[in-house]
$ cat entry.cif   # mmCIF, C-alpha atoms
data_input
loop_
_atom_site.group_PDB
_atom_site.id
_atom_site.type_symbol
_atom_site.label_atom_id
_atom_site.label_comp_id
_atom_site.auth_asym_id
_atom_site.auth_seq_id
_atom_site.Cartn_x
_atom_site.Cartn_y
_atom_site.Cartn_z
ATOM 1 C CA MET A 1 0.000 0.000 0.000
ATOM 2 C CA LEU A 2 1.404 3.389 -1.041
ATOM 3 C CA SER A 3 0.910 6.058 1.626
ATOM 4 C CA VAL A 4 1.826 9.712 2.107
ATOM 5 C CA SER A 5 2.246 12.220 4.904
ATOM 6 C CA VAL A 6 2.919 15.883 4.163
ATOM 7 C CA LEU A 7 5.252 16.657 7.062
ATOM 8 C CA SER A 8 5.494 20.361 6.213
ATOM 9 C CA SER A 9 4.347 22.481 3.308
ATOM 10 C CA GLY A 10 4.722 26.187 2.663
ATOM 11 C CA SER A 11 7.136 28.856 1.567
ATOM 12 C CA SER A 12 9.174 28.393 4.761
ATOM 13 C CA GLY A 13 9.712 24.634 4.609
ATOM 14 C CA ASN A 14 8.684 21.490 2.747
ATOM 15 C CA ALA A 15 9.059 17.788 3.468
ATOM 16 C CA ILE A 16 6.941 14.782 2.452
ATOM 17 C CA TYR A 17 7.103 11.150 3.582
ATOM 18 C CA ILE A 18 6.081 8.470 1.055
ATOM 19 C CA SER A 19 6.063 4.792 1.937
ATOM 20 C CA THR A 20 5.046 1.220 1.305
ATOM 21 C CA GLU A 21 5.479 -1.694 3.675
ATOM 22 C CA GLN A 22 9.019 -2.134 2.265
ATOM 23 C CA THR A 23 10.224 1.323 1.268
ATOM 24 C CA ARG A 24 10.398 4.654 3.118
ATOM 25 C CA LEU A 25 11.156 7.809 1.131
ATOM 26 C CA LEU A 26 11.662 11.396 2.228
ATOM 27 C CA LEU A 27 10.971 13.964 -0.478
ATOM 28 C CA ASP A 28 12.693 17.241 0.391
ATOM 29 C CA ALA A 29 14.049 18.243 3.791
ATOM 30 C CA GLY A 30 13.130 21.897 4.123
ATOM 31 C CA ILE A 31 12.629 21.980 7.885
ATOM 32 C CA SER A 32 15.205 21.092 10.509
ATOM 33 C CA GLY A 33 16.332 17.506 10.924
ATOM 34 C CA LYS A 34 14.914 17.553 14.448
ATOM 35 C CA GLN A 35 11.494 18.661 13.205
ATOM 36 C CA ILE A 36 11.502 16.044 10.448
ATOM 37 C CA SER A 37 12.327 13.311 12.959
ATOM 38 C CA GLN A 38 9.628 14.487 15.370
ATOM 39 C CA ARG A 39 6.969 14.648 12.673
ATOM 40 C CA LEU A 40 7.928 11.263 11.251
ATOM 41 C CA ALA A 41 7.504 9.812 14.721
ATOM 42 C CA THR A 42 4.167 11.464 15.512
ATOM 43 C CA ALA A 43 2.443 11.225 12.109
ATOM 44 C CA CYS A 44 4.024 8.082 10.672
ATOM 45 C CA GLN A 45 5.419 6.106 13.616
ATOM 46 C CA VAL A 46 8.774 5.979 11.828
ATOM 47 C CA ASP A 47 12.261 6.762 13.094
ATOM 48 C CA GLY A 48 14.365 9.027 10.888
ATOM 49 C CA SER A 49 17.107 6.414 10.791
ATOM 50 C CA GLN A 50 14.742 4.079 8.911
ATOM 51 C CA ILE A 51 14.521 6.247 5.770
ATOM 52 C CA THR A 52 15.373 4.214 2.651
ATOM 53 C CA ALA A 53 16.266 7.196 0.447
ATOM 54 C CA VAL A 54 16.051 10.978 0.308
ATOM 55 C CA LEU A 55 14.945 12.753 -2.872
ATOM 56 C CA ILE A 56 15.314 16.480 -3.460
ATOM 57 C CA THR A 57 13.336 18.514 -5.983
ATOM 58 C CA HIS A 58 15.664 21.540 -6.062
ATOM 59 C CA GLU A 59 18.187 23.495 -4.019
ATOM 60 C CA HIS A 60 16.114 26.308 -2.471
ATOM 61 C CA VAL A 61 16.489 26.454 1.295
ATOM 62 C CA ASP A 62 12.830 25.657 1.989
ATOM 63 C CA HIS A 63 13.549 22.234 0.474
ATOM 64 C CA VAL A 64 17.024 21.446 1.874
ATOM 65 C CA ARG A 65 17.249 23.193 5.265
ATOM 66 C CA GLY A 66 17.492 19.939 7.244
ATOM 67 C CA LEU A 67 19.175 17.778 4.609
ATOM 68 C CA LYS A 68 22.600 17.564 6.210
ATOM 69 C CA GLN A 69 21.159 16.353 9.519
ATOM 70 C CA ILE A 70 18.837 13.836 7.890
ATOM 71 C CA LEU A 71 21.606 12.318 5.776
ATOM 72 C CA LYS A 72 23.757 11.978 8.871
ATOM 73 C CA LEU A 73 20.920 10.392 10.836
ATOM 74 C CA SER A 74 19.664 7.968 8.203
ATOM 75 C CA GLN A 75 22.755 7.346 6.038
ATOM 76 C CA ALA A 76 20.243 7.023 3.185
ATOM 77 C CA PRO A 77 21.337 7.619 -0.418
ATOM 78 C CA LEU A 78 20.531 11.033 -1.844
ATOM 79 C CA TYR A 79 18.738 11.364 -5.206
ATOM 80 C CA THR A 80 18.976 14.683 -7.078
ATOM 81 C CA THR A 81 19.636 16.027 -10.527
ATOM 82 C CA GLU A 82 23.232 16.973 -11.323
ATOM 83 C CA GLY A 83 22.319 20.654 -11.317
ATOM 84 C CA THR A 84 20.698 20.471 -7.889
ATOM 85 C CA TYR A 85 23.580 18.477 -6.439
ATOM 86 C CA ALA A 86 26.122 21.024 -7.626
ATOM 87 C CA GLU A 87 24.226 23.711 -5.714
ATOM 88 C CA ILE A 88 23.905 21.799 -2.421
ATOM 89 C CA VAL A 89 26.979 19.568 -2.145
ATOM 90 C CA SER A 90 29.090 22.132 -0.285
ATOM 91 C CA GLY A 91 26.463 22.307 2.460
ATOM 92 C CA ILE A 92 26.164 18.565 3.079
ATOM 93 C CA SER A 93 29.813 17.644 3.582
ATOM 94 C CA GLY A 94 30.425 14.149 4.874
ATOM 95 C CA ASN A 95 29.937 10.619 3.670
ATOM 96 C CA HIS A 96 26.826 10.074 1.592
ATOM 97 C CA ILE A 97 25.876 8.205 -1.550
ATOM 98 C CA HIS A 98 24.600 10.349 -4.401
ATOM 99 C CA LYS A 99 22.384 8.971 -7.163
ATOM 100 C CA VAL A 100 21.808 11.093 -10.267
ATOM 101 C CA VAL A 101 18.222 11.806 -11.294
ATOM 102 C CA ARG A 102 17.435 12.781 -14.882
ATOM 103 C CA ALA A 103 14.091 14.173 -15.941
ATOM 104 C CA GLY A 104 12.159 11.597 -17.940
ATOM 105 C CA GLU A 105 14.260 8.627 -16.792
ATOM 106 C CA VAL A 106 12.167 6.312 -14.632
ATOM 107 C CA PHE A 107 13.891 4.480 -11.777
ATOM 108 C CA SER A 108 12.902 2.383 -8.779
ATOM 109 C CA ILE A 109 13.715 2.477 -5.090
ATOM 110 C CA GLY A 110 12.540 -0.730 -3.479
ATOM 111 C CA ASP A 111 9.013 -1.392 -4.697
ATOM 112 C CA ILE A 112 8.280 2.232 -5.636
ATOM 113 C CA ARG A 113 8.665 3.292 -9.268
ATOM 114 C CA ILE A 114 9.611 6.951 -9.607
ATOM 115 C CA THR A 115 9.165 9.242 -12.601
ATOM 116 C CA PRO A 116 11.019 12.568 -12.369
ATOM 117 C CA PHE A 117 9.917 15.331 -14.713
ATOM 118 C CA ALA A 118 11.251 18.805 -15.422
ATOM 119 C CA VAL A 119 9.392 21.831 -14.075
ATOM 120 C CA SER A 120 9.650 25.552 -14.761
ATOM 121 C CA HIS A 121 11.130 27.097 -11.627
ATOM 122 C CA ASP A 122 13.994 29.479 -10.983
ATOM 123 C CA ALA A 123 16.395 26.811 -9.772
ATOM 124 C CA GLU A 124 19.361 25.104 -11.422
ATOM 125 C CA GLU A 125 17.770 21.823 -12.582
ATOM 126 C CA PRO A 126 14.469 21.333 -10.744
ATOM 127 C CA VAL A 127 12.246 18.298 -11.052
ATOM 128 C CA ALA A 128 8.969 17.068 -9.606
ATOM 129 C CA TYR A 129 8.044 13.418 -9.128
ATOM 130 C CA ARG A 130 5.388 10.809 -9.725
ATOM 131 C CA PHE A 131 5.427 7.714 -7.487
ATOM 132 C CA ASP A 132 3.822 4.364 -8.390
ATOM 133 C CA ALA A 133 3.571 1.172 -6.361
ATOM 134 C CA GLY A 134 1.465 -1.610 -7.771
ATOM 135 C CA ASP A 135 -1.686 0.060 -9.109
ATOM 136 C CA GLU A 136 -1.492 3.036 -6.710
ATOM 137 C CA SER A 137 0.003 6.384 -7.646
ATOM 138 C CA LEU A 138 0.930 9.780 -6.227
ATOM 139 C CA ALA A 139 2.193 12.968 -7.893
ATOM 140 C CA VAL A 140 3.904 15.782 -6.003
ATOM 141 C CA VAL A 141 3.750 18.938 -8.109
ATOM 142 C CA THR A 142 4.992 22.123 -6.464
ATOM 143 C CA ASP A 143 7.410 24.954 -7.226
ATOM 144 C CA LEU A 144 6.593 25.634 -10.849
ATOM 145 C CA GLY A 145 5.381 28.600 -12.835
ATOM 146 C CA PHE A 146 2.978 26.727 -15.075
ATOM 147 C CA VAL A 147 1.774 23.188 -15.758
ATOM 148 C CA SER A 148 2.751 22.205 -19.293
ATOM 149 C CA ASP A 149 0.893 19.680 -21.405
ATOM 150 C CA SER A 150 3.791 17.247 -21.021
ATOM 151 C CA ILE A 151 3.534 17.454 -17.225
ATOM 152 C CA LYS A 152 -0.213 16.871 -17.424
ATOM 153 C CA ASP A 153 0.438 13.736 -19.476
ATOM 154 C CA VAL A 154 2.969 12.397 -16.956
ATOM 155 C CA ILE A 155 0.775 12.864 -13.895
ATOM 156 C CA ALA A 156 -2.611 11.977 -15.351
ATOM 157 C CA GLY A 157 -4.495 9.188 -13.623
ATOM 158 C CA CYS A 158 -2.933 9.410 -10.152
ATOM 159 C CA ASP A 159 -4.883 8.540 -7.021
ATOM 160 C CA THR A 160 -3.495 11.430 -4.975
ATOM 161 C CA TYR A 161 -1.920 14.779 -5.807
ATOM 162 C CA VAL A 162 0.129 17.073 -3.617
ATOM 163 C CA PHE A 163 -0.428 20.139 -5.741
ATOM 164 C CA GLU A 164 0.865 23.672 -5.462
ATOM 165 C CA SER A 165 -1.698 26.382 -4.646
ATOM 166 C CA ASN A 166 0.801 29.032 -3.614
ATOM 167 C CA HIS A 167 -0.935 32.402 -3.760
ATOM 168 C CA ASP A 168 -4.008 34.437 -4.473
ATOM 169 C CA VAL A 169 -3.088 36.813 -7.288
ATOM 170 C CA GLU A 170 -4.910 39.822 -5.824
ATOM 171 C CA MET A 171 -3.410 39.307 -2.366
ATOM 172 C CA LEU A 172 0.036 39.066 -3.928
ATOM 173 C CA ARG A 173 -0.401 42.179 -6.083
ATOM 174 C CA ALA A 174 -1.702 44.225 -3.125
ATOM 175 C CA GLY A 175 0.801 42.835 -0.632
ATOM 176 C CA PRO A 176 4.070 44.228 0.756
ATOM 177 C CA TYR A 177 6.524 42.331 -1.456
ATOM 178 C CA PRO A 178 8.764 44.388 -3.767
ATOM 179 C CA TRP A 179 7.576 44.312 -7.363
ATOM 180 C CA SER A 180 10.650 42.302 -8.406
ATOM 181 C CA ILE A 181 9.586 39.453 -6.125
ATOM 182 C CA LYS A 182 5.947 39.709 -7.173
ATOM 183 C CA ARG A 183 7.010 39.484 -10.807
ATOM 184 C CA ARG A 184 9.130 36.416 -10.060
ATOM 185 C CA ILE A 185 6.253 34.619 -8.280
ATOM 186 C CA LEU A 186 3.777 35.465 -11.029
ATOM 187 C CA GLY A 187 6.144 34.485 -13.843
ATOM 188 C CA ASP A 188 6.594 31.235 -15.735
ATOM 189 C CA LYS A 189 9.406 30.194 -13.361
ATOM 190 C CA GLY A 190 7.607 31.156 -10.167
ATOM 191 C CA HIS A 191 4.675 29.525 -8.383
ATOM 192 C CA LEU A 192 1.126 28.430 -9.194
ATOM 193 C CA SER A 193 -1.750 30.571 -7.976
ATOM 194 C CA ASN A 194 -4.966 29.097 -6.596
ATOM 195 C CA THR A 195 -6.609 29.687 -9.962
ATOM 196 C CA ASP A 196 -3.675 28.155 -11.861
ATOM 197 C CA ALA A 197 -3.909 25.054 -9.684
ATOM 198 C CA ALA A 198 -7.627 24.620 -10.242
ATOM 199 C CA GLU A 199 -7.413 25.105 -13.993
ATOM 200 C CA ALA A 200 -4.594 22.584 -14.278
ATOM 201 C CA LEU A 201 -6.467 20.060 -12.152
ATOM 202 C CA ILE A 202 -9.470 20.279 -14.472
ATOM 203 C CA ASP A 203 -7.283 18.926 -17.278
ATOM 204 C CA ILE A 204 -5.448 16.359 -15.152
ATOM 205 C CA ILE A 205 -8.162 14.666 -13.140
ATOM 206 C CA GLY A 206 -9.961 11.911 -15.004
ATOM 207 C CA GLN A 207 -13.144 10.143 -13.973
ATOM 208 C CA GLN A 208 -11.713 8.357 -10.939
ATOM 209 C CA GLU A 209 -11.953 9.484 -7.325
ATOM 210 C CA VAL A 210 -8.884 11.461 -6.251
ATOM 211 C CA LYS A 211 -7.401 13.182 -3.222
ATOM 212 C CA VAL A 212 -5.779 16.578 -3.697
ATOM 213 C CA TYR A 213 -3.593 18.134 -1.019
ATOM 214 C CA LEU A 214 -3.311 21.859 -1.635
ATOM 215 C CA ALA A 215 0.345 22.608 -0.946
ATOM 216 C CA HIS A 216 3.076 25.225 -0.695
ATOM 217 C CA LEU A 217 0.651 27.964 0.388
ATOM 218 C CA SER A 218 2.257 31.367 0.933
ATOM 219 C CA GLU A 219 1.812 32.648 4.470
ATOM 220 C CA GLU A 220 1.767 36.250 3.238
ATOM 221 C CA ASN A 221 -0.200 35.901 -0.008
ATOM 222 C CA ASN A 222 -2.759 33.175 0.621
ATOM 223 C CA GLN A 223 -5.112 31.691 3.198
ATOM 224 C CA PRO A 224 -6.204 28.044 3.494
ATOM 225 C CA ASP A 225 -9.906 28.984 3.348
ATOM 226 C CA LEU A 226 -9.319 31.097 0.254
ATOM 227 C CA ALA A 227 -7.324 28.391 -1.504
ATOM 228 C CA ASP A 228 -10.045 25.828 -0.742
ATOM 229 C CA LEU A 229 -12.818 28.137 -1.918
ATOM 230 C CA THR A 230 -11.084 29.170 -5.135
ATOM 231 C CA VAL A 231 -10.072 25.673 -6.193
ATOM 232 C CA SER A 232 -13.361 24.050 -5.214
ATOM 233 C CA SER A 233 -15.430 26.745 -6.947
ATOM 234 C CA ILE A 234 -13.547 26.430 -10.233
ATOM 235 C CA LEU A 235 -13.652 22.629 -10.142
ATOM 236 C CA GLN A 236 -17.346 22.652 -9.251
ATOM 237 C CA GLU A 237 -18.132 24.916 -12.185
ATOM 238 C CA ALA A 238 -16.180 22.698 -14.583
ATOM 239 C CA ARG A 239 -17.277 19.295 -13.258
ATOM 240 C CA SER A 240 -20.751 18.468 -12.063
ATOM 241 C CA THR A 241 -19.360 15.372 -10.319
ATOM 242 C CA TYR A 242 -16.712 17.353 -8.398
ATOM 243 C CA GLN A 243 -18.051 16.830 -4.874
ATOM 244 C CA GLU A 244 -18.369 13.066 -5.314
ATOM 245 C CA GLN A 245 -15.047 12.743 -7.103
ATOM 246 C CA VAL A 246 -12.471 15.058 -5.498
ATOM 247 C CA SER A 247 -11.414 15.265 -1.844
ATOM 248 C CA LEU A 248 -9.586 18.545 -1.178
ATOM 249 C CA LEU A 249 -7.205 18.298 1.772
ATOM 250 C CA ARG A 250 -5.123 20.889 3.583
ATOM 251 C CA THR A 251 -1.430 20.956 4.391
ATOM 252 C CA SER A 252 0.436 23.054 6.937
ATOM 253 C CA ARG A 253 3.914 24.356 7.671
ATOM 254 C CA TYR A 254 3.300 23.672 11.375
ATOM 255 C CA GLU A 255 1.651 20.246 11.568
ATOM 256 C CA PRO A 256 2.068 17.039 9.524
ATOM 257 C CA THR A 257 -0.845 15.300 7.877
ATOM 258 C CA ILE A 258 -1.597 11.801 9.111
ATOM 259 C CA LEU A 259 0.035 9.033 7.082
ATOM 260 C CA THR A 260 -2.740 8.105 4.640
ATOM 261 C CA PRO A 261 -3.081 5.592 1.785
ATOM 262 C CA VAL A 262 -3.014 7.384 -1.553
ATOM 263 C CA SER A 263 -5.830 5.307 -2.998
ATOM 264 C CA ALA A 264 -9.136 7.127 -2.750
ATOM 265 C CA LYS A 265 -10.744 3.747 -2.105
ATOM 266 C CA CYS A 266 -8.777 3.362 1.157
ATOM 267 C CA ASN A 267 -9.895 4.947 4.393
ATOM 268 C CA ALA A 268 -7.462 7.204 6.231
#
$ encode --input "entry.cif" --output "structure tokens"
Amino acid sequence: MLSVSVLSSGSSGNAIYISTEQTRLLLDAGISGKQISQRLATACQVDGSQITAVLITHEHVDHVRGLKQILKLSQAPLYTTEGTYAEIVSGISGNHIHKVVRAGEVFSIGDIRITPFAVSHDAEEPVAYRFDAGDESLAVVTDLGFVSDSIKDVIAGCDTYVFESNHDVEMLRAGPYPWSIKRRILGDKGHLSNTDAAEALIDIIGQQEVKVYLAHLSEENNQPDLADLTVSSILQEARSTYQEQVSLLRTSRYEPTILTPVSAKCNA
């Protein structure tokens, strides 16, 4: 059974635990190693030393803040693209095994099949990932400026999505950020807005039941209620079966979600 717990999600720190009975993966380590270990224990009943492998999407600090500590604790191999590794290697000195990830090249860790795919973000060589185990599937899609048709093809048909819903455009435009930062967030290498997320999900979600975790919400430029309302309203307008088909779930920078099977047919 493929399961997921969003340990932390937001502009200040991101980490996700993905597991089967045999394999335990940590995707990103953007909070401290101590916090990751505590949240693994409380939400997943797992010790940090039991991690099978660590995967990193890109080098920004909200995705690698606790990486050095986690690698020391778990001694798990590290999977990144060459570009990402070049940006982070000086900060994770010590003995560790590095495995190169290339967008479009599928690989397996234990019984989980992993598909990395390129995303448009202002990092050196960022990727996002799809995870498959048996007939269950999960896609984690955050930190990108837009969802291309090729990305939609890769992640179509998943049971669960951890999907970026970073900002409300009007809150961002009216907020205190300098215009240079606003322009970056709104651009093709920035982050998805609530509306962007909903419109992409319309194209991605098929006829099956799915769970969607709204992720990477900005603390300054979004609110959980607003993200829920915007995404649900757009999906409802586009799909008459929305309420029976899609379960929208929240994530937090402060609290992990409970470890939950990705299959919509499984109870939490």
$ closest_residue --input "entry.cif" --among "A:Val46, A:Gln75, A:Thr81, A:Ala123" --to "Val61 (chain A)" --atoms "all atoms listed in the file"
A:Ala123
$ resolve_selection --input "entry.cif" --expression "the PyMOL selection byres ((chain A and resi 96) around 8)" --output "PDB file with C-alpha atoms, in the coordinates of the input"
ATOM      1  CA  LEU A  71      21.606  12.318   5.776  1.00  0.00           C
ATOM      2  CA  GLN A  75      22.755   7.346   6.038  1.00  0.00           C
ATOM      3  CA  ALA A  76      20.243   7.023   3.185  1.00  0.00           C
ATOM      4  CA  PRO A  77      21.337   7.619  -0.418  1.00  0.00           C
ATOM      5  CA  LEU A  78      20.531  11.033  -1.844  1.00  0.00           C
ATOM      6  CA  GLY A  94      30.425  14.149   4.874  1.00  0.00           C
ATOM      7  CA  ASN A  95      29.937  10.619   3.670  1.00  0.00           C
ATOM      8  CA  ILE A  97      25.876   8.205  -1.550  1.00  0.00           C
ATOM      9  CA  HIS A  98      24.600  10.349  -4.401  1.00  0.00           C
TER      10      HIS A  98
END
$ residues_around --input "entry.cif" --residues "region 255-263 of chain A" --least-positions-apart "6" --cutoff "10 Å" --atoms "only C-alpha atoms" --output "count of residues only"
38
$ residues_near_point --input "entry.cif" --point "(-16.2, 24.1, -12.1)" --cutoff "12 Å" --atoms "only C-alpha atoms" --output "list in words"
Thr195, Ala198, Glu199, Ala200, Leu201, Ile202, Asp203, Leu229, Thr230, Val231, Ser232, Ser233, Ile234, Leu235, Gln236, Glu237, Ala238, Arg239, Ser240, Thr241, Tyr242, Gln243 and Val246 of chain A
$ closest_residue --input "entry.cif" --among "A:Arg65, A:Leu26, A:Thr57, A:Leu217" --to "Pro116 (chain A)" --atoms "only C-alpha atoms"
A:Thr57
$ closest_residue --input "entry.cif" --among "A:Thr142, A:Ala118, A:Ala103, A:Asn166" --to "Asp28 (chain A)" --atoms "only C-alpha atoms"
A:Thr142
$ atom_distance --input "entry.cif" --atom1 "CA of Ala156 (chain A)" --atom2 "CA of Gln207 (chain A)"
10.8 Å
$ atom_distance --input "entry.cif" --atom1 "CA of Ser37 (chain A)" --atom2 "CA of Gly10 (chain A)"
18.2 Å
$ closest_residue --input "entry.cif" --among "A:Ser11, A:Ser108, A:Gln50, A:Thr80" --to "Asp62 (chain A)" --atoms "all atoms listed in the file"
A:Ser11
$ residues_near_point --input "entry.cif" --point "(5.7, 42.6, -9.3)" --cutoff "12 Å" --atoms "only C-alpha atoms" --output "list in words"
Val169, Glu170, Met171, Leu172, Arg173, Ala174, Gly175, Pro176, Tyr177, Pro178, Trp179, Ser180, Ile181, Lys182, Arg183, Arg184, Ile185, Leu186, Gly187 and Gly190 of chain A
$ atom_distance --input "entry.cif" --atom1 "CA of Ser150 (chain A)" --atom2 "CA of Glu87 (chain A)"
26.3 Å
$ resolve_selection --input "entry.cif" --expression "the PyMOL selection byres ((chain A and resi 193) around 6)" --output "ChimeraX atom specification"
/A:165-168,192,194-196
$ closest_residue --input "entry.cif" --among "A:Ala133, A:Glu125, A:Lys189, A:Ile31" --to "Phe146 (chain A)" --atoms "all atoms listed in the file"
A:Lys189
$ closest_residue --input "entry.cif" --among "A:Ser247, A:Ser12, A:Ser120, A:Ser74" --to "Val147 (chain A)" --atoms "only C-alpha atoms"
A:Ser120
$ resolve_selection --input "entry.cif" --expression "the PyMOL selection byres ((chain A and resi 117) around 8)" --output "PyMOL selection string"
chain A and resi 102-104+115-116+118-119+127-129+151+154
